[in-house]
Amino acid sequence: MKVLLIGSGGREHALAWKLAQSPLVSDLTCAPGNAGIATVAACVAVAADDILSLLGLIDRDGYDFVIVGPEQPLALGLVDALEARGVKVFGPTEAAAQLESSKSFTKDFCKRYNIPTADYGVFTDAAEAKAFLKTMNAPYVLKADGLAAGKGVVIPETLSDAEAELDEFFSGKFGEASTKVVIEEYMTGQEVSFFAISDGKTAIPLIGAQDHKRAFDGDKGPNTGGMGAYSPAPVFTQDAMAEVMGTIIHPTVAGMAKDGNPFKGVLFAGLMMTPEGPKLIEYNVRFGDPECQVIMRRLQSDLMEIFIAAEAGTLDTLTAPAWLNDPVVNVVLAAKGYPGSYEKGTTIKGLDAAQDIDGVVVFHAGTKLSDTGDVLANGGRVLNITSQASSLERAVQNAYKAIDECVDWPDGFCRRDIAHHALKTGR
């Protein structure tokens with residue numbers, strides 16, 4: 001099959017790496033791709049959110065199958081446009097993508113279908129939002145309703161800080177995304193990222209992982225798109241997975257179909273493992289980044305076969321995906337200053353040496369090639385150092401060995417405590 005993958009992040013490099021291993025894929029192209037993706041696929045310089053140019057590319061080159069990696073083109077209706085053209089595509093429609101593109105949509109959906117989640121309120125007026133805050137207990141969870149690149153959540157510790165944050169939200173802190181704000185009850189427990197695939201009527205489980213959202217060690221600093229991940233997450237047992245499928249995933253698939261918005265694609269459930277059981281924090285409608293990187297390292301089955309079955313509505317005939325038991329850790333290398341301002345164009349060396357370390361694969365995110373073939377930083381989150389080993393401790397050691405002894409990039413930084421929950425407590 002002639003396949004087009006859309007996106008340019010670490011998630012898309014991991015997907016391209018796995019798709020390139022499939023005998024079903026004879027020709028793989030990525031738009032726009034990055035320096036790492038260019039080693040396993042052809043790259044074309046069309047931005048993932050440039051819908052008209054993407055449609056022109058697809059019309060011109062006649063791809064058999066399109067896979068949409070990031071959330072922006074899904075929210076902009078790329079899948080709808082491709083389906084109207086008769087092009088086979090993996091990903092949800094614009095209406096179904098509201099599970100991610102509108103937090104208020106998802107909260108109302110969960111309430112309607114009795115899906116366990118935090119209590120909440122939705123506001124477009126600062127005064128009403130502040131009045132609601134006074135009925136809640138600290139800390140306060142404030143969320144921009146729309147897409148904010150994983151950074152639209154703030155958790156102030158005091159009422160005065162929460163009120164000040166609300167003023168910033170409604171003043172455009174996250175642009176159009178924060179013209180509507182969701183205020184939620186603060187939930188306690190460990191967070192888990194869980195993934196399932198749906199074909200509109202059937203859902204099959206993939207696996208769970210744990211992400212590290214904060215920029216700095218000890219879960220300090222601002223939220224980011226994710227500074228690292230690992231899988232499996234010991235806190236997410238087989239029993240927990242079965243409970244989540246029964247109380248969250250299956251009701252979501254059934255409810256979306258009942259509402260006339262059947263969901264095809266990846267359901268990424270951000271979960272809180274509370275004392276009362278798993279509760280949904282929020283949905284994303286694509287693979288997580290950096291979770292996708294560890295999931296692809298553990299997946300033994302043919303990824304393209306799964307995507308084809310999801311598009312065709314035949315997941316119920318597919319053999320359950322097979323997984324490697326060996327744990328995987330992913331440490332993100334980001335440009336100094338991220339998630340604030342940072343410099344682009346700095347040179348990165350030592351990546352081949354890093355991949356010579358046992359079990360290490362480097363997935364690129366914000367990179368590009370210079371005219372002379374050097375790898376240059378071209379974003380905030382730049383590299384993903386993934387490591388697979390017989391134990392989580394060894395996987396972590398090898399990932400940091402690759403960073404400390406091989407990667408030569410003085411302008412980057414990483415967290416030094418990825419997987420600390422599991423390493424310290426076994427959970």
# chains A, B, ... in the order shown; residues from 1 in each chain; ligands from 1
call {"tool": "residues_around", "arguments": {"residues": "Lys424 of chain A", "least_positions_apart": "4", "cutoff": "12 Å", "atoms": "only C-alpha atoms", "output": "MDAnalysis selection string"}}
result
chainID A and resid 234 392:393 417:420
call {"tool": "select_by_dssp", "arguments": {"residues": "segment 70-290 of chain A", "states": "helix (DSSP H, G or I)", "output": "ChimeraX atom specification"}}
result
/A:71-75,78-84,98-101,103-112,126-133,159-170,175-178,238-258
call {"tool": "write_last_selection", "arguments": {"atoms": "C-alpha atoms", "output": "PDB file, in the first residue's frame"}}
result
ATOM      1  CA  GLU A  71      -4.876  16.586  16.725  1.00  0.00           C
ATOM      2  CA  GLN A  72      -5.002  19.829  14.714  1.00  0.00           C
ATOM      3  CA  PRO A  73      -5.878  18.346  11.287  1.00  0.00           C
ATOM      4  CA  LEU A  74      -8.455  16.087  12.960  1.00  0.00           C
ATOM      5  CA  ALA A  75     -10.145  19.073  14.609  1.00  0.00           C
ATOM      6  CA  LEU A  78      -9.299  16.522   7.365  1.00  0.00           C
ATOM      7  CA  VAL A  79     -10.842  13.079   7.833  1.00  0.00           C
ATOM      8  CA  ASP A  80     -14.253  14.343   6.673  1.00  0.00           C
ATOM      9  CA  ALA A  81     -12.701  15.785   3.515  1.00  0.00           C
ATOM     10  CA  LEU A  82     -10.816  12.587   2.741  1.00  0.00           C
ATOM     11  CA  GLU A  83     -13.825  10.352   3.346  1.00  0.00           C
ATOM     12  CA  ALA A  84     -15.829  12.561   0.966  1.00  0.00           C
ATOM     13  CA  GLN A  98     -14.615  17.040  19.746  1.00  0.00           C
ATOM     14  CA  LEU A  99     -13.710  14.526  22.452  1.00  0.00           C
ATOM     15  CA  GLU A 100     -10.357  16.329  22.408  1.00  0.00           C
ATOM     16  CA  SER A 101     -11.022  19.666  20.739  1.00  0.00           C
ATOM     17  CA  LYS A 103     -13.260  19.731  26.960  1.00  0.00           C
ATOM     18  CA  SER A 104     -16.774  20.967  27.691  1.00  0.00           C
ATOM     19  CA  PHE A 105     -18.150  18.625  25.004  1.00  0.00           C
ATOM     20  CA  THR A 106     -16.423  15.697  26.667  1.00  0.00           C
ATOM     21  CA  LYS A 107     -17.505  16.623  30.185  1.00  0.00           C
ATOM     22  CA  ASP A 108     -21.136  16.942  29.089  1.00  0.00           C
ATOM     23  CA  PHE A 109     -20.835  13.662  27.163  1.00  0.00           C
ATOM     24  CA  CYS A 110     -19.474  11.887  30.245  1.00  0.00           C
ATOM     25  CA  LYS A 111     -22.308  13.234  32.380  1.00  0.00           C
ATOM     26  CA  ARG A 112     -24.882  12.053  29.821  1.00  0.00           C
ATOM     27  CA  ALA A 126     -15.134  35.515  34.424  1.00  0.00           C
ATOM     28  CA  ALA A 127     -17.503  36.646  37.176  1.00  0.00           C
ATOM     29  CA  GLU A 128     -19.584  33.473  36.972  1.00  0.00           C
ATOM     30  CA  ALA A 129     -16.424  31.362  36.906  1.00  0.00           C
ATOM     31  CA  LYS A 130     -15.068  33.101  40.017  1.00  0.00           C
ATOM     32  CA  ALA A 131     -18.351  32.550  41.829  1.00  0.00           C
ATOM     33  CA  PHE A 132     -18.128  28.839  41.023  1.00  0.00           C
ATOM     34  CA  LEU A 133     -14.519  28.718  42.256  1.00  0.00           C
ATOM     35  CA  LEU A 159      -8.263  31.051  45.470  1.00  0.00           C
ATOM     36  CA  SER A 160      -6.536  34.348  44.679  1.00  0.00           C
ATOM     37  CA  ASP A 161      -4.131  32.646  42.270  1.00  0.00           C
ATOM     38  CA  ALA A 162      -7.036  30.812  40.626  1.00  0.00           C
ATOM     39  CA  GLU A 163      -8.952  34.074  40.149  1.00  0.00           C
ATOM     40  CA  ALA A 164      -5.879  35.702  38.620  1.00  0.00           C
ATOM     41  CA  GLU A 165      -5.435  32.748  36.279  1.00  0.00           C
ATOM     42  CA  LEU A 166      -9.060  33.008  35.201  1.00  0.00           C
ATOM     43  CA  ASP A 167      -8.467  36.642  34.256  1.00  0.00           C
ATOM     44  CA  GLU A 168      -5.505  35.524  32.139  1.00  0.00           C
ATOM     45  CA  PHE A 169      -7.522  32.733  30.505  1.00  0.00           C
ATOM     46  CA  PHE A 170     -10.332  35.066  29.496  1.00  0.00           C
ATOM     47  CA  GLY A 175      -5.974  32.360  22.435  1.00  0.00           C
ATOM     48  CA  GLU A 176      -9.327  31.095  21.192  1.00  0.00           C
ATOM     49  CA  ALA A 177      -8.845  27.903  23.223  1.00  0.00           C
ATOM     50  CA  SER A 178      -9.528  29.740  26.501  1.00  0.00           C
ATOM     51  CA  GLN A 238      -4.987  -5.981  34.039  1.00  0.00           C
ATOM     52  CA  ASP A 239      -7.946  -5.630  36.393  1.00  0.00           C
ATOM     53  CA  ALA A 240      -7.752  -1.845  36.093  1.00  0.00           C
ATOM     54  CA  MET A 241      -7.646  -2.116  32.309  1.00  0.00           C
ATOM     55  CA  ALA A 242     -10.743  -4.309  32.298  1.00  0.00           C
ATOM     56  CA  GLU A 243     -12.550  -1.803  34.543  1.00  0.00           C
ATOM     57  CA  VAL A 244     -11.595   1.110  32.281  1.00  0.00           C
ATOM     58  CA  MET A 245     -12.751  -0.728  29.169  1.00  0.00           C
ATOM     59  CA  GLY A 246     -16.089  -1.491  30.871  1.00  0.00           C
ATOM     60  CA  THR A 247     -16.801   1.862  32.502  1.00  0.00           C
ATOM     61  CA  ILE A 248     -15.105   4.353  30.167  1.00  0.00           C
ATOM     62  CA  ILE A 249     -14.037   3.078  26.731  1.00  0.00           C
ATOM     63  CA  HIS A 250     -16.996   0.894  25.734  1.00  0.00           C
ATOM     64  CA  PRO A 251     -19.602   3.433  26.953  1.00  0.00           C
ATOM     65  CA  THR A 252     -17.774   6.131  24.996  1.00  0.00           C
ATOM     66  CA  VAL A 253     -17.815   4.154  21.746  1.00  0.00           C
ATOM     67  CA  ALA A 254     -21.475   3.241  22.225  1.00  0.00           C
ATOM     68  CA  GLY A 255     -22.445   6.799  23.194  1.00  0.00           C
ATOM     69  CA  MET A 256     -20.667   8.406  20.260  1.00  0.00           C
ATOM     70  CA  ALA A 257     -22.378   5.995  17.874  1.00  0.00           C
ATOM     71  CA  LYS A 258     -25.761   6.655  19.491  1.00  0.00           C
TER      72      LYS A 258
END
call {"tool": "atom_distance", "arguments": {"atom1": "atom CA of Val285 of chain A", "atom2": "atom CA of Ala35 of chain A"}}
result
25.5 Å
call {"tool": "closest_residue", "arguments": {"among": "A:Leu318, A:Ala422, A:Leu333, A:Val266", "to": "Pro232 of chain A", "atoms": "only C-alpha atoms"}}
result
A:Ala422
call {"tool": "atom_distance", "arguments": {"atom1": "atom CA of Ile155 of chain A", "atom2": "atom CA of Thr117 of chain A"}}
result
16.9 Å
call {"tool": "residues_around", "arguments": {"residues": "Tyr63 of chain A", "least_positions_apart": "6", "cutoff": "9 Å", "atoms": "only C-alpha atoms", "output": "ChimeraX atom specification"}}
result
/A:1-4,87-88
call {"tool": "write_last_selection", "arguments": {"atoms": "C-alpha atoms", "output": "PDB file, in the first residue's frame"}}
result
ATOM      1  CA  MET A   1       0.000   0.000   0.000  1.00  0.00           C
ATOM      2  CA  LYS A   2       1.045   3.576  -0.672  1.00  0.00           C
ATOM      3  CA  VAL A   3       0.653   5.255   2.731  1.00  0.00           C
ATOM      4  CA  LEU A   4       0.761   8.906   3.813  1.00  0.00           C
ATOM      5  CA  VAL A  87      -9.810   8.010   0.488  1.00  0.00           C
ATOM      6  CA  LYS A  88      -9.228   5.453   3.231  1.00  0.00           C
TER       7      LYS A  88
END
call {"tool": "residues_around", "arguments": {"residues": "Pro222 of chain A", "least_positions_apart": "2", "cutoff": "9 Å", "atoms": "only C-alpha atoms", "output": "list in words"}}
result
Lys151, Val154, Lys213, Arg214, Ala215, Phe216, Asp219, Lys220, Thr224 and Pro339 of chain A
call {"tool": "residues_around", "arguments": {"residues": "segment 38-50 of chain A", "least_positions_apart": "6", "cutoff": "9 Å", "atoms": "only C-alpha atoms", "output": "list in words"}}
result
Ile6, Gly7, Ser8, His13, Ala16, Trp17, Ala20, Asp27, Leu28, Thr29, Cys30, Ala31, Pro32, Leu57, Val68, Gly69, Pro70, Gln72, Pro73, Leu74, Leu76 and Leu78 of chain A
call {"tool": "atom_distance", "arguments": {"atom1": "atom CA of Ser390 of chain A", "atom2": "atom CA of Glu12 of chain A"}}
result
25.8 Å
call {"tool": "residues_around", "arguments": {"residues": "segment 347-352 of chain A", "least_positions_apart": "6", "cutoff": "8 Å", "atoms": "only C-alpha atoms", "output": "number ranges by chain"}}
result
A: 362, 374-377, 406-409
call {"tool": "write_last_selection", "arguments": {"atoms": "C-alpha atoms", "output": "short mmCIF file (atom, residue, chain, number, x, y, z; two decimals), in the first residue's frame"}}
result
data_model
loop_
_atom_site.label_atom_id
_atom_site.label_comp_id
_atom_site.auth_asym_id
_atom_site.auth_seq_id
_atom_site.Cartn_x
_atom_site.Cartn_y
_atom_site.Cartn_z
CA VAL A 362 16.21 7.73 19.16
CA ASP A 374 23.76 18.09 10.24
CA VAL A 375 20.81 17.55 12.58
CA LEU A 376 19.49 20.87 13.88
CA ALA A 377 17.04 21.60 16.69
CA CYS A 406 26.70 10.15 23.52
CA VAL A 407 24.34 13.00 22.71
CA ASP A 408 26.26 16.22 22.18
CA TRP A 409 23.77 19.09 22.47
#
call {"tool": "closest_residue", "arguments": {"among": "A:Val382, A:Leu54, A:Leu19, A:Leu5", "to": "Glu305 of chain A", "atoms": "only C-alpha atoms"}}
result
A:Leu19
call {"tool": "closest_residue", "arguments": {"among": "A:Asp411, A:Asn330, A:Ile281, A:Ile51", "to": "Phe363 of chain A", "atoms": "only C-alpha atoms"}}
result
A:Asn330
call {"tool": "residues_around", "arguments": {"residues": "segment 200-202 of chain A", "least_positions_apart": "3", "cutoff": "9 Å", "atoms": "only C-alpha atoms", "output": "tab-separated table (two decimals) with C-alpha atoms, in the first residue's frame"}}
result
chain	number	residue	atom	x	y	z
A	197	ILE	CA	-8.48	1.59	19.05
A	250	HIS	CA	-17.00	0.89	25.73
A	253	VAL	CA	-17.81	4.15	21.75
A	254	ALA	CA	-21.48	3.24	22.22
A	256	MET	CA	-20.67	8.41	20.26
A	257	ALA	CA	-22.38	5.99	17.87
A	261	ASN	CA	-20.74	10.62	15.72
A	262	PRO	CA	-19.20	7.13	15.50
A	263	PHE	CA	-15.58	7.24	16.63
A	264	LYS	CA	-12.88	5.67	14.45
A	265	GLY	CA	-9.31	6.05	15.59
A	310	ALA	CA	-10.19	0.08	12.26
A	311	GLU	CA	-10.93	1.95	9.03
A	313	GLY	CA	-14.91	-1.62	10.73
A	314	THR	CA	-13.52	-5.13	11.22
A	315	LEU	CA	-11.67	-4.89	14.53
A	316	ASP	CA	-13.90	-7.65	15.91
call {"tool": "closest_residue", "arguments": {"among": "A:Gly260, A:Gly379, A:Gly226, A:Gly172", "to": "Asn34 of chain A", "atoms": "only C-alpha atoms"}}
result
A:Gly379
call {"tool": "closest_residue", "arguments": {"among": "A:Met296, A:Ile183, A:Ala354, A:Ala203", "to": "Val153 of chain A", "atoms": "only C-alpha atoms"}}
result
A:Ile183
call {"tool": "closest_residue", "arguments": {"among": "A:Asn325, A:Gly208, A:Gly340, A:Val182", "to": "Asn223 of chain A", "atoms": "only C-alpha atoms"}}
result
A:Gly340
call {"tool": "select_by_dssp", "arguments": {"residues": "segment 227-373 of chain A", "states": "strand (DSSP E or B)", "output": "JSON, numbers by chain"}}
result
{"A": [228, 229, 230, 231, 264, 265, 266, 267, 268, 269, 270, 271, 272, 273, 274, 277, 278, 279, 280, 281, 282, 283, 284, 299, 323, 328, 329, 330, 331, 332, 333, 334, 335, 347, 348, 349, 360, 361, 362, 363, 364, 367, 368, 369]}
call {"tool": "decode", "arguments": {"residues": "segment 194-220 of chain A", "atoms": "N, CA and C atoms", "output": "PDB file, in the first residue's frame"}}
result
ATOM      1  N   PHE A 194      -3.971   5.661  28.924  1.00  0.00           N
ATOM      2  CA  PHE A 194      -4.408   4.375  28.377  1.00  0.00           C
ATOM      3  C   PHE A 194      -4.934   4.568  26.967  1.00  0.00           C
ATOM      4  N   PHE A 195      -4.641   3.596  26.103  1.00  0.00           N
ATOM      5  CA  PHE A 195      -4.970   3.726  24.690  1.00  0.00           C
ATOM      6  C   PHE A 195      -5.796   2.544  24.213  1.00  0.00           C
ATOM      7  N   ALA A 196      -6.788   2.853  23.389  1.00  0.00           N
ATOM      8  CA  ALA A 196      -7.602   1.837  22.745  1.00  0.00           C
ATOM      9  C   ALA A 196      -7.833   2.269  21.306  1.00  0.00           C
ATOM     10  N   ILE A 197      -8.165   1.313  20.458  1.00  0.00           N
ATOM     11  CA  ILE A 197      -8.484   1.586  19.053  1.00  0.00           C
ATOM     12  C   ILE A 197      -9.956   1.268  18.837  1.00  0.00           C
ATOM     13  N   SER A 198     -10.670   2.154  18.136  1.00  0.00           N
ATOM     14  CA  SER A 198     -12.084   1.932  17.845  1.00  0.00           C
ATOM     15  C   SER A 198     -12.339   2.005  16.343  1.00  0.00           C
ATOM     16  N   ASP A 199     -13.282   1.190  15.884  1.00  0.00           N
ATOM     17  CA  ASP A 199     -13.698   1.253  14.474  1.00  0.00           C
ATOM     18  C   ASP A 199     -15.106   1.824  14.317  1.00  0.00           C
ATOM     19  N   GLY A 200     -15.603   2.446  15.390  1.00  0.00           N
ATOM     20  CA  GLY A 200     -16.934   3.031  15.364  1.00  0.00           C
ATOM     21  C   GLY A 200     -17.964   2.226  16.110  1.00  0.00           C
ATOM     22  N   LYS A 201     -17.699   0.927  16.252  1.00  0.00           N
ATOM     23  CA  LYS A 201     -18.635   0.084  16.995  1.00  0.00           C
ATOM     24  C   LYS A 201     -17.929  -0.857  17.957  1.00  0.00           C
ATOM     25  N   THR A 202     -16.688  -1.214  17.653  1.00  0.00           N
ATOM     26  CA  THR A 202     -15.882  -2.110  18.488  1.00  0.00           C
ATOM     27  C   THR A 202     -14.654  -1.354  18.970  1.00  0.00           C
ATOM     28  N   ALA A 203     -14.232  -1.635  20.202  1.00  0.00           N
ATOM     29  CA  ALA A 203     -12.999  -1.066  20.720  1.00  0.00           C
ATOM     30  C   ALA A 203     -12.116  -2.180  21.253  1.00  0.00           C
ATOM     31  N   ILE A 204     -10.822  -2.119  20.929  1.00  0.00           N
ATOM     32  CA  ILE A 204      -9.871  -3.100  21.464  1.00  0.00           C
ATOM     33  C   ILE A 204      -8.819  -2.351  22.278  1.00  0.00           C
ATOM     34  N   PRO A 205      -8.411  -2.935  23.418  1.00  0.00           N
ATOM     35  CA  PRO A 205      -7.413  -2.256  24.247  1.00  0.00           C
ATOM     36  C   PRO A 205      -6.019  -2.376  23.660  1.00  0.00           C
ATOM     37  N   LEU A 206      -5.240  -1.334  23.841  1.00  0.00           N
ATOM     38  CA  LEU A 206      -3.808  -1.411  23.592  1.00  0.00           C
ATOM     39  C   LEU A 206      -3.151  -1.563  24.967  1.00  0.00           C
ATOM     40  N   ILE A 207      -2.327  -0.619  25.394  1.00  0.00           N
ATOM     41  CA  ILE A 207      -1.691  -0.729  26.706  1.00  0.00           C
ATOM     42  C   ILE A 207      -1.657   0.646  27.368  1.00  0.00           C
ATOM     43  N   GLY A 208      -1.207   0.661  28.611  1.00  0.00           N
ATOM     44  CA  GLY A 208      -1.085   1.897  29.349  1.00  0.00           C
ATOM     45  C   GLY A 208       0.354   2.355  29.461  1.00  0.00           C
ATOM     46  N   ALA A 209       0.522   3.611  29.838  1.00  0.00           N
ATOM     47  CA  ALA A 209       1.836   4.209  30.065  1.00  0.00           C
ATOM     48  C   ALA A 209       1.666   5.325  31.076  1.00  0.00           C
ATOM     49  N   GLN A 210       2.779   5.804  31.620  1.00  0.00           N
ATOM     50  CA  GLN A 210       2.736   6.993  32.465  1.00  0.00           C
ATOM     51  C   GLN A 210       3.591   8.083  31.850  1.00  0.00           C
ATOM     52  N   ASP A 211       3.019   9.278  31.810  1.00  0.00           N
ATOM     53  CA  ASP A 211       3.645  10.462  31.228  1.00  0.00           C
ATOM     54  C   ASP A 211       4.171  11.347  32.362  1.00  0.00           C
ATOM     55  N   HIS A 212       5.048  12.265  32.022  1.00  0.00           N
ATOM     56  CA  HIS A 212       5.570  13.247  32.973  1.00  0.00           C
ATOM     57  C   HIS A 212       5.336  14.625  32.362  1.00  0.00           C
ATOM     58  N   LYS A 213       4.290  15.302  32.811  1.00  0.00           N
ATOM     59  CA  LYS A 213       3.858  16.541  32.168  1.00  0.00           C
ATOM     60  C   LYS A 213       4.698  17.751  32.571  1.00  0.00           C
ATOM     61  N   ARG A 214       5.119  17.829  33.828  1.00  0.00           N
ATOM     62  CA  ARG A 214       5.806  19.028  34.296  1.00  0.00           C
ATOM     63  C   ARG A 214       7.216  19.099  33.719  1.00  0.00           C
ATOM     64  N   ALA A 215       7.731  20.319  33.619  1.00  0.00           N
ATOM     65  CA  ALA A 215       9.005  20.538  32.933  1.00  0.00           C
ATOM     66  C   ALA A 215      10.204  20.024  33.715  1.00  0.00           C
ATOM     67  N   PHE A 216      10.112  20.028  35.050  1.00  0.00           N
ATOM     68  CA  PHE A 216      11.324  19.804  35.836  1.00  0.00           C
ATOM     69  C   PHE A 216      11.174  18.628  36.804  1.00  0.00           C
ATOM     70  N   ASP A 217      12.294  18.187  37.333  1.00  0.00           N
ATOM     71  CA  ASP A 217      12.335  17.055  38.257  1.00  0.00           C
ATOM     72  C   ASP A 217      11.378  17.274  39.424  1.00  0.00           C
ATOM     73  N   GLY A 218      10.875  16.154  39.940  1.00  0.00           N
ATOM     74  CA  GLY A 218       9.958  16.226  41.069  1.00  0.00           C
ATOM     75  C   GLY A 218       8.586  16.728  40.697  1.00  0.00           C
ATOM     76  N   ASP A 219       8.257  16.662  39.399  1.00  0.00           N
ATOM     77  CA  ASP A 219       6.972  17.153  38.901  1.00  0.00           C
ATOM     78  C   ASP A 219       6.767  18.623  39.259  1.00  0.00           C
ATOM     79  N   LYS A 220       7.826  19.416  39.054  1.00  0.00           N
ATOM     80  CA  LYS A 220       7.784  20.852  39.302  1.00  0.00           C
ATOM     81  C   LYS A 220       7.769  21.598  37.967  1.00  0.00           C
TER      82      LYS A 220
END
